[in-house]
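Colleague: Pasting a structure here, questions to come.
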Amino acid sequence: MQLYNKLSGKERAALIEKAGKDRLTLSFYQYAKITNPQEFRDQLFIIWNQLDVLGRIYIATEGINAQLSLPADRFDEFKKHLDSINFLKGIRLNIAIEQDNMSFLKLKVKVRHKIVADGLNDDTFDVTNKGIHVGAGTFNELIEDENTVLVDMRNHYESEIGHFKNAVTPDVDTFRESLDIIEEDLKEHKEDKNLVMYCTGGIRCEKASAYFKHKGFKNVYQLEGGIIEYTRQVNDKGLENKFIGNNFVFDDRRAEKISDDVIAQCHQCGSPFDVHTNCANDACHLLFIQCDACKEEMNNCCSTNCKEIHALPYEKQKTLRKGQGNSNDIFKKGRADYLPYKKDLRNIFETLKVEKK
């Protein structure tokens with residue numbers, strides 16, 4: 001019985017190409033009590049592997065967080081299976097704005113301590129006491145209210161390429177970092193301001209809204225379904241789109257274009273550009289923004305040092321990496337000192353112009 005992925009990404013890509021079928025990329029999450037995550041994980045893998053589902057799925061005692069793709073013609077089978085699971089019956093599915101058959105090339109279903117790495121001790125507050133969910137229309141009205149503070153709950157490399165107009169975009173590497181920053185900078189406005197939050201698909205705001213209510217914020221709102229669902233509602237209902245740029249996504253597409261605005265720049269030359277790439281040097285693999293011209297000049301590398309290493313024979317590269325472990329740049333997401341045009345978002349709360357008491 002197969003319980004783990006056995007094919008490489010290259011092998012899977014060839015099979016997808018040969019099948020010639022359109023695939024559907026989607027995501028969903030649900031907080032729920034799962035008493036035996038490993039057993040639930042194995043059951044999902046067996047069934048989803050048979051349905052040719054590919055993606056990244058996290059299971060924990062607190063619920064499920066899934067980002068995946070599947071053949072479009074098997075969507076009904078997939079939905080029927082979800083509906084057979086009590087806590088997933090009728091779950092909202094965030095269908096990707098832009099589809100790509102190669103968005104995922106492996107099926108990875110993992111048991112984790114949390115479905116989102118939030119670093120919180122959930123025993124200290126009521127995670128079910130969440131903020132008010134609002135759709136795109138109400139969200140647009142709220143963020144035009146002068147008593148609203150709009151906060152992006154994503155990381156710096158996500159908001160750098162796209163965000164809502166006038167949003168606070170904390171310069172953080174992790175979701176957990178932003179929580180304390182937001183509380184500290186808005187501590188004088190826990191009762192007189194609307195705290196409105198958004199993220200990619202809504203999952204981070206689920207926990208954040210409960211956390212901020214626990215911390216004393218009285219008027220807490222969150223965008224239902226995140227940027228993905230917002231965009232769908234804007235398109236379906238003909239609403240004004242207040243999101244500028246691209247929505248960063250955690251699959252091989254890298255991003256979905258929400259508006260034609262290019263608000264980021266190449267980290268190497270500074271020209272307008274908003275597509276992330278990973279450094280071609282496997283010992284670095286830094287995620288950063290690189291325009292087409294720099295990509296050609298630098299051979300898809302983030303520095304001259306990486307370019308020189310990447311030009312070496314593969315076996316020589318392996319020898320150099322042996323015993324070295326991963327570079328810390330893997331986790332910096334575009335923060336390397338030698339990237340001259342990395343946008344600095346620090347102290348952005350100071351530019352928010354929140355009226356002090």
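Chain lettering (A, B, ...) mirrors the order of the structure tokens, residue numbering begins at 1 for each chain separately, and ligand numbering begins at 1 in order of display.
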Leaving out region 179-183 of chain A and any residue of its chain fewer than 6 positions from it, which residues lie within 8 Å of it when counting only C-alpha atoms, given as a VMD selection string?

Modeller: chain A and resid 170 208 212 215

Colleague: I need the chosen residues saved as a JSON list (two decimals), in the first residue's frame, with all heavy atoms.

Modeller:
[["chain", "number", "residue", "atom", "x", "y", "z"],
["A", 170, "PRO", "N", 3.73, 44.79, 7.62],
["A", 170, "PRO", "CA", 4.88, 44.61, 8.52],
["A", 170, "PRO", "C", 6.06, 43.91, 7.83],
["A", 170, "PRO", "O", 5.88, 42.97, 7.06],
["A", 170, "PRO", "CB", 4.30, 43.73, 9.65],
["A", 170, "PRO", "CG", 2.84, 44.04, 9.63],
["A", 170, "PRO", "CD", 2.50, 44.22, 8.18],
["A", 208, "ALA", "N", -5.15, 34.81, 14.03],
["A", 208, "ALA", "CA", -4.76, 36.17, 14.42],
["A", 208, "ALA", "C", -5.94, 36.95, 14.99],
["A", 208, "ALA", "O", -5.79, 37.70, 15.97],
["A", 208, "ALA", "CB", -4.17, 36.91, 13.23],
["A", 212, "PHE", "N", -5.93, 38.66, 18.68],
["A", 212, "PHE", "CA", -6.07, 40.09, 18.94],
["A", 212, "PHE", "C", -7.30, 40.40, 19.79],
["A", 212, "PHE", "O", -7.29, 41.34, 20.59],
["A", 212, "PHE", "CB", -6.09, 40.88, 17.64],
["A", 212, "PHE", "CG", -4.75, 40.97, 16.98],
["A", 212, "PHE", "CD1", -4.57, 40.59, 15.66],
["A", 212, "PHE", "CD2", -3.66, 41.45, 17.68],
["A", 212, "PHE", "CE1", -3.33, 40.66, 15.06],
["A", 212, "PHE", "CE2", -2.41, 41.53, 17.09],
["A", 212, "PHE", "CZ", -2.24, 41.14, 15.78],
["A", 215, "LYS", "N", -6.25, 39.92, 23.15],
["A", 215, "LYS", "CA", -5.38, 41.01, 23.59],
["A", 215, "LYS", "C", -6.13, 42.32, 23.81],
["A", 215, "LYS", "O", -5.52, 43.35, 24.13],
["A", 215, "LYS", "CB", -4.27, 41.23, 22.56],
["A", 215, "LYS", "CG", -3.23, 40.11, 22.53],
["A", 215, "LYS", "CD", -2.43, 40.08, 23.83],
["A", 215, "LYS", "CE", -1.32, 39.06, 23.79],
["A", 215, "LYS", "NZ", -0.49, 39.07, 25.02]]

Colleague: List the spatial neighbours of region 136-151 of chain A as a PDB file with all heavy atoms, in the first residue's frame - criterion: any atom at most 8 Å away, only C-alpha atoms, same-chain residues fewer than 2 positions off excluded.

Modeller:
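Saved to part.pdb:
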ATOM      1  N   VAL A 134     -15.889  39.090   6.712  1.00  0.00           N
ATOM      2  CA  VAL A 134     -16.591  39.986   5.783  1.00  0.00           C
ATOM      3  C   VAL A 134     -16.222  39.630   4.345  1.00  0.00           C
ATOM      4  O   VAL A 134     -15.102  39.213   4.053  1.00  0.00           O
ATOM      5  CB  VAL A 134     -16.266  41.470   6.050  1.00  0.00           C
ATOM      6  CG1 VAL A 134     -16.783  41.884   7.413  1.00  0.00           C
ATOM      7  CG2 VAL A 134     -14.770  41.745   5.935  1.00  0.00           C
ATOM      8  N   MET A 153      -1.467  40.365   6.970  1.00  0.00           N
ATOM      9  CA  MET A 153      -0.938  39.370   7.898  1.00  0.00           C
ATOM     10  C   MET A 153       0.080  38.432   7.244  1.00  0.00           C
ATOM     11  O   MET A 153       0.470  37.421   7.818  1.00  0.00           O
ATOM     12  CB  MET A 153      -2.080  38.542   8.494  1.00  0.00           C
ATOM     13  CG  MET A 153      -3.043  39.318   9.359  1.00  0.00           C
ATOM     14  SD  MET A 153      -2.248  40.241  10.703  1.00  0.00           S
ATOM     15  CE  MET A 153      -1.405  38.929  11.582  1.00  0.00           C
ATOM     16  N   ASN A 166      -3.223  51.231   0.911  1.00  0.00           N
ATOM     17  CA  ASN A 166      -3.168  51.804   2.263  1.00  0.00           C
ATOM     18  C   ASN A 166      -3.037  50.763   3.373  1.00  0.00           C
ATOM     19  O   ASN A 166      -3.293  51.061   4.543  1.00  0.00           O
ATOM     20  CB  ASN A 166      -4.395  52.675   2.536  1.00  0.00           C
ATOM     21  CG  ASN A 166      -4.531  53.807   1.545  1.00  0.00           C
ATOM     22  OD1 ASN A 166      -3.537  54.424   1.167  1.00  0.00           O
ATOM     23  ND2 ASN A 166      -5.750  54.084   1.101  1.00  0.00           N
ATOM     24  N   ALA A 167      -2.649  49.533   3.034  1.00  0.00           N
ATOM     25  CA  ALA A 167      -2.486  48.502   4.064  1.00  0.00           C
ATOM     26  C   ALA A 167      -1.160  48.657   4.785  1.00  0.00           C
ATOM     27  O   ALA A 167      -0.154  49.067   4.205  1.00  0.00           O
ATOM     28  CB  ALA A 167      -2.562  47.111   3.426  1.00  0.00           C
ATOM     29  N   VAL A 168      -1.173  48.320   6.059  1.00  0.00           N
ATOM     30  CA  VAL A 168       0.065  48.204   6.825  1.00  0.00           C
ATOM     31  C   VAL A 168       0.678  46.855   6.459  1.00  0.00           C
ATOM     32  O   VAL A 168       0.020  45.818   6.544  1.00  0.00           O
ATOM     33  CB  VAL A 168      -0.218  48.255   8.341  1.00  0.00           C
ATOM     34  CG1 VAL A 168       1.061  48.003   9.127  1.00  0.00           C
ATOM     35  CG2 VAL A 168      -0.821  49.597   8.725  1.00  0.00           C
ATOM     36  N   THR A 169       1.936  46.865   6.035  1.00  0.00           N
ATOM     37  CA  THR A 169       2.605  45.634   5.613  1.00  0.00           C
ATOM     38  C   THR A 169       3.859  45.424   6.465  1.00  0.00           C
ATOM     39  O   THR A 169       4.946  45.860   6.093  1.00  0.00           O
ATOM     40  CB  THR A 169       2.985  45.697   4.120  1.00  0.00           C
ATOM     41  OG1 THR A 169       3.780  46.877   3.883  1.00  0.00           O
ATOM     42  CG2 THR A 169       1.744  45.755   3.249  1.00  0.00           C
ATOM     43  N   ASP A 192     -10.968  52.181  19.708  1.00  0.00           N
ATOM     44  CA  ASP A 192     -11.534  53.211  18.838  1.00  0.00           C
ATOM     45  C   ASP A 192     -11.265  52.986  17.355  1.00  0.00           C
ATOM     46  O   ASP A 192     -11.703  53.776  16.528  1.00  0.00           O
ATOM     47  CB  ASP A 192     -11.019  54.591  19.253  1.00  0.00           C
ATOM     48  CG  ASP A 192      -9.524  54.751  18.989  1.00  0.00           C
ATOM     49  OD1 ASP A 192      -8.824  53.730  19.009  1.00  0.00           O
ATOM     50  OD2 ASP A 192      -9.071  55.888  18.761  1.00  0.00           O
ATOM     51  N   LYS A 193     -10.562  51.918  17.000  1.00  0.00           N
ATOM     52  CA  LYS A 193     -10.280  51.636  15.593  1.00  0.00           C
ATOM     53  C   LYS A 193     -10.789  50.251  15.196  1.00  0.00           C
ATOM     54  O   LYS A 193     -10.841  49.333  16.018  1.00  0.00           O
ATOM     55  CB  LYS A 193      -8.780  51.693  15.310  1.00  0.00           C
ATOM     56  CG  LYS A 193      -8.125  53.054  15.534  1.00  0.00           C
ATOM     57  CD  LYS A 193      -8.527  54.049  14.449  1.00  0.00           C
ATOM     58  CE  LYS A 193      -7.781  55.373  14.644  1.00  0.00           C
ATOM     59  NZ  LYS A 193      -8.167  56.375  13.623  1.00  0.00           N
ATOM     60  N   ASN A 194     -11.163  50.130  13.932  1.00  0.00           N
ATOM     61  CA  ASN A 194     -11.475  48.819  13.378  1.00  0.00           C
ATOM     62  C   ASN A 194     -10.163  48.165  12.940  1.00  0.00           C
ATOM     63  O   ASN A 194      -9.424  48.748  12.143  1.00  0.00           O
ATOM     64  CB  ASN A 194     -12.385  48.938  12.148  1.00  0.00           C
ATOM     65  CG  ASN A 194     -13.717  49.588  12.447  1.00  0.00           C
ATOM     66  OD1 ASN A 194     -14.345  49.298  13.457  1.00  0.00           O
ATOM     67  ND2 ASN A 194     -14.158  50.476  11.570  1.00  0.00           N
ATOM     68  N   LEU A 195      -9.885  46.998  13.467  1.00  0.00           N
ATOM     69  CA  LEU A 195      -8.713  46.254  13.029  1.00  0.00           C
ATOM     70  C   LEU A 195      -9.178  45.266  11.960  1.00  0.00           C
ATOM     71  O   LEU A 195      -9.886  44.302  12.250  1.00  0.00           O
ATOM     72  CB  LEU A 195      -8.072  45.505  14.205  1.00  0.00           C
ATOM     73  CG  LEU A 195      -6.892  44.594  13.864  1.00  0.00           C
ATOM     74  CD1 LEU A 195      -5.782  45.367  13.174  1.00  0.00           C
ATOM     75  CD2 LEU A 195      -6.349  43.917  15.129  1.00  0.00           C
ATOM     76  N   VAL A 196      -8.799  45.518  10.715  1.00  0.00           N
ATOM     77  CA  VAL A 196      -9.216  44.692   9.586  1.00  0.00           C
ATOM     78  C   VAL A 196      -7.993  43.980   9.019  1.00  0.00           C
ATOM     79  O   VAL A 196      -6.987  44.633   8.708  1.00  0.00           O
ATOM     80  CB  VAL A 196      -9.898  45.538   8.490  1.00  0.00           C
ATOM     81  CG1 VAL A 196     -10.346  44.649   7.334  1.00  0.00           C
ATOM     82  CG2 VAL A 196     -11.074  46.310   9.067  1.00  0.00           C
ATOM     83  N   MET A 197      -8.073  42.670   8.904  1.00  0.00           N
ATOM     84  CA  MET A 197      -6.917  41.880   8.477  1.00  0.00           C
ATOM     85  C   MET A 197      -7.231  41.070   7.228  1.00  0.00           C
ATOM     86  O   MET A 197      -8.385  40.740   6.965  1.00  0.00           O
ATOM     87  CB  MET A 197      -6.499  40.920   9.594  1.00  0.00           C
ATOM     88  CG  MET A 197      -6.077  41.605  10.876  1.00  0.00           C
ATOM     89  SD  MET A 197      -5.749  40.392  12.179  1.00  0.00           S
ATOM     90  CE  MET A 197      -7.401  39.799  12.462  1.00  0.00           C
ATOM     91  N   TYR A 198      -6.172  40.745   6.506  1.00  0.00           N
ATOM     92  CA  TYR A 198      -6.314  39.850   5.350  1.00  0.00           C
ATOM     93  C   TYR A 198      -5.025  39.051   5.167  1.00  0.00           C
ATOM     94  O   TYR A 198      -3.958  39.426   5.652  1.00  0.00           O
ATOM     95  CB  TYR A 198      -6.626  40.636   4.077  1.00  0.00           C
ATOM     96  CG  TYR A 198      -5.480  41.486   3.562  1.00  0.00           C
ATOM     97  CD1 TYR A 198      -4.546  40.978   2.653  1.00  0.00           C
ATOM     98  CD2 TYR A 198      -5.323  42.813   3.975  1.00  0.00           C
ATOM     99  CE1 TYR A 198      -3.512  41.757   2.182  1.00  0.00           C
ATOM    100  CE2 TYR A 198      -4.291  43.597   3.503  1.00  0.00           C
ATOM    101  CZ  TYR A 198      -3.380  43.074   2.599  1.00  0.00           C
ATOM    102  OH  TYR A 198      -2.344  43.842   2.137  1.00  0.00           O
ATOM    103  N   LEU A 223     -10.919  39.303   6.264  1.00  0.00           N
ATOM    104  CA  LEU A 223     -11.432  39.113   4.917  1.00  0.00           C
ATOM    105  C   LEU A 223     -11.721  37.637   4.689  1.00  0.00           C
ATOM    106  O   LEU A 223     -10.820  36.802   4.700  1.00  0.00           O
ATOM    107  CB  LEU A 223     -10.416  39.621   3.895  1.00  0.00           C
ATOM    108  CG  LEU A 223     -10.788  39.454   2.418  1.00  0.00           C
ATOM    109  CD1 LEU A 223     -12.093  40.174   2.105  1.00  0.00           C
ATOM    110  CD2 LEU A 223      -9.655  39.977   1.536  1.00  0.00           C
ATOM    111  N   GLU A 224     -12.978  37.308   4.486  1.00  0.00           N
ATOM    112  CA  GLU A 224     -13.406  35.919   4.273  1.00  0.00           C
ATOM    113  C   GLU A 224     -12.744  35.347   3.019  1.00  0.00           C
ATOM    114  O   GLU A 224     -12.860  35.904   1.931  1.00  0.00           O
ATOM    115  CB  GLU A 224     -14.923  35.870   4.122  1.00  0.00           C
ATOM    116  CG  GLU A 224     -15.478  34.516   3.723  1.00  0.00           C
ATOM    117  CD  GLU A 224     -15.440  33.484   4.842  1.00  0.00           C
ATOM    118  OE1 GLU A 224     -15.362  33.894   6.021  1.00  0.00           O
ATOM    119  OE2 GLU A 224     -15.512  32.283   4.535  1.00  0.00           O
ATOM    120  N   TYR A 230     -11.565  37.117  -2.361  1.00  0.00           N
ATOM    121  CA  TYR A 230     -11.854  38.529  -2.653  1.00  0.00           C
ATOM    122  C   TYR A 230     -11.839  38.768  -4.158  1.00  0.00           C
ATOM    123  O   TYR A 230     -12.758  39.375  -4.723  1.00  0.00           O
ATOM    124  CB  TYR A 230     -10.824  39.427  -1.970  1.00  0.00           C
ATOM    125  CG  TYR A 230     -10.931  40.891  -2.339  1.00  0.00           C
ATOM    126  CD1 TYR A 230     -11.778  41.755  -1.648  1.00  0.00           C
ATOM    127  CD2 TYR A 230     -10.176  41.417  -3.393  1.00  0.00           C
ATOM    128  CE1 TYR A 230     -11.872  43.097  -1.987  1.00  0.00           C
ATOM    129  CE2 TYR A 230     -10.269  42.759  -3.751  1.00  0.00           C
ATOM    130  CZ  TYR A 230     -11.116  43.588  -3.041  1.00  0.00           C
ATOM    131  OH  TYR A 230     -11.214  44.928  -3.383  1.00  0.00           O
ATOM    132  N   GLN A 233     -14.873  37.290  -5.887  1.00  0.00           N
ATOM    133  CA  GLN A 233     -16.088  38.085  -5.666  1.00  0.00           C
ATOM    134  C   GLN A 233     -16.047  39.395  -6.453  1.00  0.00           C
ATOM    135  O   GLN A 233     -17.070  39.836  -6.992  1.00  0.00           O
ATOM    136  CB  GLN A 233     -16.273  38.359  -4.177  1.00  0.00           C
ATOM    137  CG  GLN A 233     -16.632  37.125  -3.366  1.00  0.00           C
ATOM    138  CD  GLN A 233     -16.925  37.448  -1.909  1.00  0.00           C
ATOM    139  OE1 GLN A 233     -17.240  38.575  -1.561  1.00  0.00           O
ATOM    140  NE2 GLN A 233     -16.816  36.452  -1.051  1.00  0.00           N
ATOM    141  N   VAL A 234     -14.890  40.008  -6.510  1.00  0.00           N
ATOM    142  CA  VAL A 234     -14.743  41.250  -7.280  1.00  0.00           C
ATOM    143  C   VAL A 234     -15.085  41.005  -8.745  1.00  0.00           C
ATOM    144  O   VAL A 234     -15.817  41.786  -9.378  1.00  0.00           O
ATOM    145  CB  VAL A 234     -13.308  41.813  -7.141  1.00  0.00           C
ATOM    146  CG1 VAL A 234     -13.007  42.833  -8.236  1.00  0.00           C
ATOM    147  CG2 VAL A 234     -13.122  42.464  -5.780  1.00  0.00           C
ATOM    148  N   LEU A 239     -17.226  44.402  -8.569  1.00  0.00           N
ATOM    149  CA  LEU A 239     -16.834  45.358  -7.538  1.00  0.00           C
ATOM    150  C   LEU A 239     -15.493  46.016  -7.890  1.00  0.00           C
ATOM    151  O   LEU A 239     -14.745  45.512  -8.721  1.00  0.00           O
ATOM    152  CB  LEU A 239     -16.694  44.639  -6.191  1.00  0.00           C
ATOM    153  CG  LEU A 239     -17.929  43.902  -5.672  1.00  0.00           C
ATOM    154  CD1 LEU A 239     -17.575  43.117  -4.405  1.00  0.00           C
ATOM    155  CD2 LEU A 239     -19.064  44.875  -5.397  1.00  0.00           C
ATOM    156  N   GLU A 240     -15.218  47.132  -7.243  1.00  0.00           N
ATOM    157  CA  GLU A 240     -13.922  47.787  -7.434  1.00  0.00           C
ATOM    158  C   GLU A 240     -12.827  46.939  -6.798  1.00  0.00           C
ATOM    159  O   GLU A 240     -12.949  46.509  -5.656  1.00  0.00           O
ATOM    160  CB  GLU A 240     -13.928  49.177  -6.798  1.00  0.00           C
ATOM    161  CG  GLU A 240     -12.604  49.916  -6.971  1.00  0.00           C
ATOM    162  CD  GLU A 240     -12.572  51.257  -6.274  1.00  0.00           C
ATOM    163  OE1 GLU A 240     -13.595  51.650  -5.668  1.00  0.00           O
ATOM    164  OE2 GLU A 240     -11.513  51.918  -6.321  1.00  0.00           O
ATOM    165  N   LYS A 242      -9.467  46.716  -5.040  1.00  0.00           N
ATOM    166  CA  LYS A 242      -8.582  47.577  -4.275  1.00  0.00           C
ATOM    167  C   LYS A 242      -7.240  46.908  -3.977  1.00  0.00           C
ATOM    168  O   LYS A 242      -6.451  47.420  -3.183  1.00  0.00           O
ATOM    169  CB  LYS A 242      -9.274  48.010  -2.977  1.00  0.00           C
ATOM    170  CG  LYS A 242     -10.497  48.889  -3.217  1.00  0.00           C
ATOM    171  CD  LYS A 242     -11.132  49.339  -1.921  1.00  0.00           C
ATOM    172  CE  LYS A 242     -12.343  50.231  -2.179  1.00  0.00           C
ATOM    173  NZ  LYS A 242     -11.959  51.535  -2.778  1.00  0.00           N
TER     174      LYS A 242
END

Colleague: A:Asn247, A:Thr319, A:Asn281, A:Thr124: which is nearest Cys306 (chain A), counting only C-alpha atoms?

Modeller: A:Asn281

Colleague: Have a look at A:Glu206, A:Asp251, A:Asp282, A:Asp185 and name the one nearest to Ser69 (chain A); count only C-alpha atoms.

Modeller: A:Asp251

Colleague: Please extract the residues of region 163-278 of chain A with a backbone DSSP assignment of strand (DSSP E) and present them as an NGL selection string.

Modeller: :A and (163-164 or 194-198 or 219-223 or 243-248 or 255-257 or 276-278)

Colleague: Could you please take those selected residues and save C-alpha atoms as a PDB file, in the first residue's frame?

Modeller:
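What follows is the written file out-v2.pdb:
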ATOM      1  CA  HIS A 163      -1.118  44.308  -1.278  1.00  0.00           C
ATOM      2  CA  PHE A 164      -4.279  46.295  -0.664  1.00  0.00           C
ATOM      3  CA  ASN A 194     -11.475  48.819  13.378  1.00  0.00           C
ATOM      4  CA  LEU A 195      -8.713  46.254  13.029  1.00  0.00           C
ATOM      5  CA  VAL A 196      -9.216  44.692   9.586  1.00  0.00           C
ATOM      6  CA  MET A 197      -6.917  41.880   8.477  1.00  0.00           C
ATOM      7  CA  TYR A 198      -6.314  39.850   5.350  1.00  0.00           C
ATOM      8  CA  ASN A 219     -13.555  45.648  16.608  1.00  0.00           C
ATOM      9  CA  VAL A 220     -11.775  42.859  14.762  1.00  0.00           C
ATOM     10  CA  TYR A 221     -12.584  41.880  11.168  1.00  0.00           C
ATOM     11  CA  GLN A 222     -11.059  39.481   8.669  1.00  0.00           C
ATOM     12  CA  LEU A 223     -11.432  39.113   4.917  1.00  0.00           C
ATOM     13  CA  PHE A 243      -5.707  45.087  -4.443  1.00  0.00           C
ATOM     14  CA  ILE A 244      -2.650  46.233  -6.378  1.00  0.00           C
ATOM     15  CA  GLY A 245      -0.076  43.907  -7.902  1.00  0.00           C
ATOM     16  CA  ASN A 246       0.317  40.140  -7.550  1.00  0.00           C
ATOM     17  CA  ASN A 247      -0.857  37.668  -4.940  1.00  0.00           C
ATOM     18  CA  PHE A 248       2.072  35.495  -3.817  1.00  0.00           C
ATOM     19  CA  ALA A 255       2.082  34.428  -7.926  1.00  0.00           C
ATOM     20  CA  GLU A 256      -1.326  35.260  -9.374  1.00  0.00           C
ATOM     21  CA  LYS A 257      -1.786  38.585 -11.159  1.00  0.00           C
ATOM     22  CA  HIS A 276      10.265  35.657  -7.574  1.00  0.00           C
ATOM     23  CA  THR A 277      12.847  33.020  -8.406  1.00  0.00           C
ATOM     24  CA  ASN A 278      15.186  30.750  -6.472  1.00  0.00           C
TER      25      ASN A 278
END
